[in-house]
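The structure file entry_34.txt is reproduced below (compact mmCIF, C-alpha atoms and all ligand atoms).
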# COMPACT_ATOMS: atom_id res chain seq x y z
CA MET A 1 -49.42 -109.76 131.34
CA ASP A 2 -50.91 -108.83 127.95
CA ARG A 3 -54.43 -107.41 127.57
CA GLY A 4 -55.98 -110.66 126.36
CA THR A 5 -54.63 -112.58 129.33
CA ALA A 6 -55.72 -109.86 131.77
CA THR A 7 -59.24 -109.95 130.30
CA MET A 8 -59.32 -113.74 130.63
CA PHE A 9 -58.37 -113.53 134.31
CA ALA A 10 -60.92 -110.76 134.92
CA ARG A 11 -63.64 -112.96 133.37
CA ALA A 12 -62.57 -115.93 135.47
CA ARG A 13 -62.81 -113.83 138.64
CA ALA A 14 -66.23 -112.52 137.62
CA THR A 15 -67.57 -116.03 136.99
CA ALA A 16 -65.95 -117.67 140.02
CA ARG A 17 -68.48 -119.40 142.24
CA PRO A 18 -70.08 -116.92 144.63
CA GLY A 19 -69.08 -117.29 148.26
CA HIS A 20 -65.98 -119.21 147.35
CA ARG A 21 -63.65 -116.71 148.98
CA ALA A 22 -65.51 -116.99 152.26
CA ARG A 23 -65.25 -120.77 152.12
CA THR A 24 -61.55 -120.50 151.44
CA VAL A 25 -61.01 -118.28 154.44
CA ARG A 26 -63.11 -120.62 156.59
CA ALA A 27 -61.10 -123.57 155.38
CA ALA A 28 -57.87 -121.76 156.19
CA ALA A 29 -59.16 -121.02 159.67
CA LYS A 30 -60.15 -124.66 160.07
CA GLY A 31 -56.55 -125.51 159.30
CA SER A 32 -55.60 -124.31 162.73
CA SER A 33 -58.15 -126.54 164.48
CA GLU A 34 -57.17 -128.93 167.26
CA LYS A 35 -57.38 -131.87 164.86
CA LYS A 36 -54.75 -130.35 162.62
CA ARG A 37 -52.56 -129.11 165.42
CA GLY A 38 -52.20 -132.66 166.71
CA ARG A 39 -50.27 -133.73 163.63
CA ALA A 40 -48.26 -130.55 163.25
CA ASN A 41 -44.59 -130.41 162.49
CA GLU A 42 -43.98 -134.06 161.70
CA ARG A 43 -41.39 -134.27 158.95
CA ALA A 44 -40.35 -137.30 157.01
CA PRO A 45 -36.99 -137.30 155.23
CA LEU A 46 -37.14 -136.48 151.53
CA PRO A 47 -35.71 -138.86 148.96
CA ARG A 48 -32.87 -137.35 146.89
CA GLU A 49 -33.04 -139.43 143.76
CA TYR A 50 -32.47 -136.93 141.00
CA ALA A 51 -29.59 -134.58 140.28
CA HIS A 52 -31.58 -131.52 139.34
CA HIS A 53 -33.66 -129.59 141.82
CA ALA A 54 -35.11 -126.13 141.62
CA PRO A 55 -32.31 -123.95 143.01
CA GLY A 56 -32.95 -122.82 146.55
CA SER A 57 -36.13 -124.85 146.81
CA VAL A 58 -37.12 -125.20 150.44
CA GLN A 59 -39.04 -128.41 149.83
CA GLU A 60 -35.92 -130.04 148.53
CA THR A 61 -33.92 -129.96 151.72
CA ASP A 62 -34.10 -131.77 155.02
CA ASP A 63 -31.70 -129.28 156.54
CA VAL A 64 -33.00 -126.76 159.02
CA VAL A 65 -33.76 -123.65 156.99
CA ARG A 66 -32.87 -120.33 158.58
CA TRP A 67 -34.99 -117.42 157.47
CA GLY A 68 -33.54 -113.93 157.54
CA TYR A 69 -36.68 -112.45 159.09
CA ALA A 70 -36.45 -114.89 162.03
CA GLU A 71 -32.89 -113.96 162.97
CA PRO A 72 -32.70 -112.06 166.27
CA GLU A 73 -31.39 -108.88 164.61
CA ALA A 74 -34.37 -108.81 162.19
CA ARG A 75 -37.16 -109.54 164.68
CA GLU A 76 -37.88 -105.91 165.46
CA LYS A 77 -38.28 -104.98 161.77
CA TRP A 78 -40.94 -107.68 161.35
CA ALA A 79 -42.57 -107.36 164.77
CA ASN A 80 -45.91 -106.16 163.36
CA THR A 81 -46.08 -108.48 160.37
CA VAL A 82 -47.84 -111.84 160.25
CA ILE A 83 -45.46 -114.13 158.38
CA THR A 84 -46.52 -117.66 157.44
CA HIS A 85 -45.32 -120.41 155.10
CA VAL A 86 -48.25 -122.01 153.33
CA GLY A 87 -49.20 -125.40 154.71
CA ASP A 88 -46.67 -125.31 157.55
CA GLY A 89 -47.78 -126.82 160.83
CA SER A 90 -50.27 -129.19 159.18
CA ARG A 91 -50.06 -132.89 158.33
CA GLU A 92 -53.73 -132.98 157.28
CA PRO A 93 -54.22 -135.83 154.77
CA VAL A 94 -54.56 -134.52 151.23
CA ARG A 95 -56.20 -136.48 148.41
CA LEU A 96 -54.67 -135.85 145.02
CA GLY A 97 -55.73 -136.42 141.45
CA VAL A 98 -52.88 -136.68 138.94
CA CYS A 99 -53.18 -136.04 135.22
CA VAL A 100 -50.29 -137.41 133.12
CA GLY A 101 -49.44 -136.96 129.44
CA GLU A 102 -48.85 -140.21 127.52
CA PHE A 103 -46.85 -138.32 124.91
CA HIS A 104 -43.59 -139.22 126.68
CA ASN A 105 -44.65 -142.43 128.35
CA LYS A 106 -41.30 -143.65 129.72
CA LEU A 107 -40.41 -140.35 131.35
CA MET A 108 -43.94 -139.99 132.67
CA ASP A 109 -43.80 -143.42 134.34
CA ARG A 110 -40.82 -142.11 136.31
CA MET A 111 -42.47 -138.77 137.07
CA LEU A 112 -45.56 -140.55 138.32
CA GLU A 113 -43.43 -142.66 140.66
CA ASP A 114 -41.64 -139.51 141.88
CA ALA A 115 -45.07 -137.97 142.52
CA ARG A 116 -46.20 -141.05 144.44
CA VAL A 117 -43.11 -141.04 146.68
CA ALA A 118 -43.48 -137.32 147.34
CA ALA A 119 -47.17 -137.74 148.21
CA GLU A 120 -46.38 -140.56 150.63
CA THR A 121 -43.63 -138.51 152.27
CA MET A 122 -46.00 -135.58 152.67
CA GLY A 123 -48.82 -137.63 154.23
CA ALA A 124 -50.94 -137.34 151.06
CA THR A 125 -52.44 -139.99 148.78
CA ILE A 126 -52.83 -140.16 145.02
CA ASP A 127 -56.44 -141.32 144.76
CA ARG A 128 -56.91 -140.94 141.02
CA VAL A 129 -54.60 -140.96 137.98
CA MET A 130 -55.77 -140.11 134.49
CA TRP A 131 -53.50 -140.48 131.48
CA VAL A 132 -54.18 -138.17 128.54
CA PRO A 133 -52.60 -138.07 125.06
CA GLY A 134 -50.69 -134.85 125.82
CA THR A 135 -50.66 -131.56 127.71
CA TYR A 136 -53.30 -130.09 125.40
CA GLU A 137 -55.81 -132.64 126.74
CA ALA A 138 -55.06 -131.84 130.39
CA PRO A 139 -57.42 -128.84 130.96
CA LEU A 140 -60.66 -130.86 130.81
CA VAL A 141 -59.23 -133.48 133.16
CA VAL A 142 -58.02 -130.81 135.59
CA GLU A 143 -61.50 -129.26 135.65
CA ASN A 144 -63.06 -132.67 136.21
CA MET A 145 -60.69 -133.44 139.09
CA LEU A 146 -61.27 -130.06 140.72
CA GLN A 147 -65.02 -130.68 140.57
CA ASP A 148 -64.60 -134.00 142.38
CA PRO A 149 -65.41 -133.46 146.07
CA THR A 150 -63.28 -136.46 147.02
CA LEU A 151 -60.12 -134.75 145.73
CA ASP A 152 -58.39 -131.81 147.42
CA ALA A 153 -55.93 -130.89 144.67
CA CYS A 154 -54.79 -131.87 141.23
CA VAL A 155 -51.27 -132.25 139.85
CA VAL A 156 -50.39 -132.27 136.17
CA LEU A 157 -47.31 -134.13 134.94
CA GLY A 158 -45.94 -133.59 131.48
CA TYR A 159 -42.98 -132.81 129.28
CA ILE A 160 -43.26 -130.30 126.46
CA GLU A 161 -40.28 -131.04 124.27
CA LYS A 162 -38.17 -128.64 122.27
CA GLY A 163 -39.56 -128.49 118.75
CA SER A 164 -38.62 -126.49 115.70
CA THR A 165 -41.62 -124.14 115.84
CA LEU A 166 -43.47 -122.23 118.58
CA HIS A 167 -45.96 -125.09 118.96
CA GLY A 168 -44.57 -126.14 122.35
CA GLN A 169 -44.49 -122.60 123.73
CA GLU A 170 -48.08 -122.09 122.68
CA MET A 171 -49.07 -125.37 124.37
CA GLY A 172 -47.24 -124.49 127.57
CA SER A 173 -48.60 -120.99 127.98
CA THR A 174 -52.13 -121.96 126.98
CA PHE A 175 -52.13 -124.77 129.53
CA SER A 176 -50.59 -122.67 132.30
CA ILE A 177 -53.17 -119.92 131.95
CA ILE A 178 -56.10 -122.35 131.92
CA ALA A 179 -54.73 -124.38 134.85
CA LYS A 180 -54.24 -121.32 137.05
CA GLN A 181 -57.64 -119.94 136.02
CA LEU A 182 -59.26 -123.23 137.09
CA GLU A 183 -57.29 -123.16 140.35
CA LEU A 184 -58.77 -119.75 141.18
CA GLU A 185 -62.24 -120.75 140.02
CA TYR A 186 -62.43 -123.91 142.16
CA GLY A 187 -60.20 -122.76 145.01
CA LYS A 188 -58.20 -126.00 144.86
CA PRO A 189 -54.52 -126.10 143.97
CA VAL A 190 -53.25 -127.24 140.59
CA GLY A 191 -49.65 -128.44 140.82
CA MET A 192 -47.59 -127.79 137.72
CA GLY A 193 -45.27 -130.74 137.19
CA ILE A 194 -44.51 -129.86 133.62
CA ILE A 195 -41.02 -129.89 132.14
CA GLY A 196 -40.52 -127.28 129.43
CA PRO A 197 -41.64 -126.00 127.01
CA GLY A 198 -38.38 -125.98 125.08
CA ALA A 199 -36.66 -128.71 127.11
CA THR A 200 -34.34 -131.14 125.33
CA ALA A 201 -34.48 -134.84 126.18
CA GLU A 202 -31.33 -134.43 128.32
CA GLN A 203 -32.84 -131.51 130.23
CA ALA A 204 -36.03 -133.49 130.75
CA GLU A 205 -34.08 -136.46 132.15
CA GLU A 206 -32.63 -134.20 134.85
CA ARG A 207 -35.97 -132.73 135.81
CA VAL A 208 -38.04 -135.78 136.74
CA ALA A 209 -38.11 -134.33 140.27
CA TYR A 210 -40.44 -131.58 139.04
CA ALA A 211 -43.17 -134.14 139.67
CA GLY A 212 -42.37 -134.37 143.37
CA ASN A 213 -41.97 -130.60 143.57
CA ALA A 214 -45.46 -130.11 142.16
CA VAL A 215 -46.92 -132.64 144.60
CA ARG A 216 -45.24 -131.03 147.61
CA ALA A 217 -46.36 -127.55 146.54
CA SER A 218 -49.97 -128.56 145.98
CA VAL A 219 -50.20 -130.55 149.21
CA ARG A 220 -48.97 -127.51 151.16
CA MET A 221 -51.42 -125.26 149.31
CA ALA A 222 -54.33 -127.66 149.85
CA ARG A 223 -53.67 -127.77 153.59
CA THR A 224 -54.35 -124.06 153.76
CA PHE A 225 -56.84 -123.43 150.97
CA THR A 226 -58.99 -126.55 150.41
CA PRO A 227 -62.58 -125.37 150.02
CA ALA A 228 -64.94 -126.04 152.89
CA GLU A 229 -67.30 -128.32 150.95
CA ALA A 230 -64.51 -130.83 150.29
CA GLU A 231 -63.68 -130.91 154.00
CA ASP A 232 -67.34 -131.02 155.04
CA ASP A 233 -67.76 -134.07 152.86
CA ASP A 234 -65.17 -135.82 155.04
CA GLU A 235 -66.84 -134.88 158.28
CA ARG A 236 -70.35 -136.03 157.39
N1 LIG B 301 -45.55 -132.32 121.47
C1 LIG B 301 -46.04 -132.52 122.71
C2 LIG B 301 -47.39 -132.84 122.91
N2 LIG B 301 -48.19 -132.91 121.87
C3 LIG B 301 -49.48 -133.52 121.89
C4 LIG B 301 -50.56 -132.55 122.27
O1 LIG B 301 -50.55 -132.32 123.66
C5 LIG B 301 -51.93 -133.10 121.91
O2 LIG B 301 -52.07 -134.39 122.42
C6 LIG B 301 -52.20 -133.12 120.42
O3 LIG B 301 -52.01 -131.86 119.87
C7 LIG B 301 -53.64 -133.56 120.14
O4 LIG B 301 -54.56 -132.66 120.70
N3 LIG B 301 -47.87 -133.02 124.17
C8 LIG B 301 -47.03 -132.93 125.24
O5 LIG B 301 -47.47 -133.09 126.39
N4 LIG B 301 -45.72 -132.63 125.05
C9 LIG B 301 -45.21 -132.42 123.82
O6 LIG B 301 -43.99 -132.14 123.69
C1 LIG B 302 -43.31 -129.25 121.22
C2 LIG B 302 -43.81 -130.13 120.18
O1 LIG B 302 -44.94 -130.45 120.15
C3 LIG B 302 -42.89 -130.58 119.11
O2 LIG B 302 -42.72 -131.97 119.10
C4 LIG B 302 -43.47 -130.15 117.83
O3 LIG B 302 -42.42 -129.85 117.04
P1 LIG B 302 -42.49 -128.63 116.02
O4 LIG B 302 -42.39 -127.35 116.81
O5 LIG B 302 -41.28 -128.87 115.18
O6 LIG B 302 -43.78 -128.75 115.27
Kindly transcribe the structure held in the file into structure tokens.
Amino acid sequence: MDRGTATMFARARATARPGHRARTVRAAAKGSSEKKRGRANERAPLPREYAHHAPGSVQETDDVVRWGYAEPEAREKWANTVITHVGDGSREPVRLGVCVGEFHNKLMDRMLEDARVAAETMGATIDRVMWVPGTYEAPLVVENMLQDPTLDACVVLGYIEKGSTLHGQEMGSTFSIIAKQLELEYGKPVGMGIIGPGATAEQAEERVAYAGNAVRASVRMARTFTPAEAEDDDER
């Protein structure tokens, strides 16, 4: 990480809302409540519509995954370590906001549908969708969605195409830094369903499933880290 980026993160941490960390921990603890335990471990089959998946991605398989640390011969080595997989054991409903770039409208229609199917499979709902001209417009929408107490997480869908200059790279890294900074500031996950930068149209076609990946990741994250005030709102 270069110095400018490190300074930006340091500033974000310094200005993060006071007490947020405590709320996050409380929310995580709440995740193990009776209510959540009741719906634990239900799994719906995942659709396999697209050819390309992130290699080795756990979310992308319905097969039983065997973890090295859980094998009998490894148990002793890990006996004193708490090992968890974020979001596991919870089917808590998660309310998502989705921000989509109009720049590649046809592809985005398909990514949005992939996101919807993934949300449904995960026991989450997409409660709000906002289309923006392109990825550069997404940061303000992400912030707005994270501020909304009726939403638990936000997912951004986009495609940053291969251009002839560094414009796309600049867009991608600027957006990534801001999105992750906002995630830390608000303590709500921001799912990154962005293809590229630098992806050709053919590569983009094969990566529509990045939308579902981002939904599954942010739903799992929200189940563990959703801030207390968003949950409290539900319980009032
Ligand atoms: N070229 C891509 C864009 N460009 C549009 C910008 O995001 C923005 O709307 C414009 O600069 C006005 O502020 N957006 C993408 O999402 N993907 C691209 O490949
Ligand atoms: C990634 C882009 O925005 C792209 O369309 C712009 O192309 P260029 O890098 O040739 O300006």
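The residue that comes closest to Glu205 of chain A, out of A:Phe175, A:Tyr136, A:Tyr159, A:Phe225 and on the basis of all atoms listed in the file, is A:Tyr159.
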So, with all atoms listed in the file as the atoms that count, which of A:Ala209, A:Val129, A:Met171, A:Ile160 lies closest to Gly196 of chain A? A:Ile160
Can you list every residue of chain A that has an atom at most 10 Å from ligand LIG 302 (chain B), with its nearest atom pair and the distance in Å to one decimal, using only C-alpha atoms and all ligand atoms, ordered by chain then number, as JSON lines?
{"residue": "A:Phe103", "atom": "CA", "partner": "B:LIG302", "partner_atom": "O1", "distance": 9.4}
{"residue": "A:Gly134", "atom": "CA", "partner": "B:LIG302", "partner_atom": "O1", "distance": 9.2}
{"residue": "A:Thr135", "atom": "CA", "partner": "B:LIG302", "partner_atom": "O1", "distance": 9.5}
{"residue": "A:Tyr136", "atom": "CA", "partner": "B:LIG302", "partner_atom": "O1", "distance": 9.9}
{"residue": "A:Tyr159", "atom": "CA", "partner": "B:LIG302", "partner_atom": "C1", "distance": 8.8}
{"residue": "A:Ile160", "atom": "CA", "partner": "B:LIG302", "partner_atom": "C1", "distance": 5.3}
{"residue": "A:Glu161", "atom": "CA", "partner": "B:LIG302", "partner_atom": "C1", "distance": 4.7}
{"residue": "A:Lys162", "atom": "CA", "partner": "B:LIG302", "partner_atom": "C1", "distance": 5.3}
{"residue": "A:Gly163", "atom": "CA", "partner": "B:LIG302", "partner_atom": "O3", "distance": 3.6}
{"residue": "A:Ser164", "atom": "CA", "partner": "B:LIG302", "partner_atom": "O5", "distance": 3.6}
{"residue": "A:Thr165", "atom": "CA", "partner": "B:LIG302", "partner_atom": "O4", "distance": 3.4}
{"residue": "A:Leu166", "atom": "CA", "partner": "B:LIG302", "partner_atom": "O4", "distance": 5.5}
{"residue": "A:His167", "atom": "CA", "partner": "B:LIG302", "partner_atom": "O4", "distance": 4.7}
{"residue": "A:Gly168", "atom": "CA", "partner": "B:LIG302", "partner_atom": "C1", "distance": 3.5}
{"residue": "A:Gln169", "atom": "CA", "partner": "B:LIG302", "partner_atom": "C1", "distance": 7.2}
{"residue": "A:Glu170", "atom": "CA", "partner": "B:LIG302", "partner_atom": "C1", "distance": 8.7}
{"residue": "A:Met171", "atom": "CA", "partner": "B:LIG302", "partner_atom": "C1", "distance": 7.6}
{"residue": "A:Gly172", "atom": "CA", "partner": "B:LIG302", "partner_atom": "C1", "distance": 8.9}
{"residue": "A:Gly196", "atom": "CA", "partner": "B:LIG302", "partner_atom": "C1", "distance": 8.9}
{"residue": "A:Pro197", "atom": "CA", "partner": "B:LIG302", "partner_atom": "C1", "distance": 6.8}
{"residue": "A:Gly198", "atom": "CA", "partner": "B:LIG302", "partner_atom": "C1", "distance": 7.1}
{"residue": "A:Ala199", "atom": "CA", "partner": "B:LIG302", "partner_atom": "C1", "distance": 8.9}
Show me the residues around (-46.7, -135.0, 138.9) - criterion: an atom at most 8 Å away, only C-alpha atoms counted - as an MDAnalysis selection string. chainID A and resid 98:100 111:112 114:115 155:158 191:194 210:215
For each of A:Ala201, A:Gln147, A:Arg110, A:Asp88, take the minimum atom-to-atom distance to ligand LIG 301 (chain B), counting all atoms listed in the file, then give the residue where this is smallest.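 Between A:Ala201, A:Gln147, A:Arg110, A:Asp88, the residue approaching ligand LIG 301 (chain B) most closely is A:Ala201.
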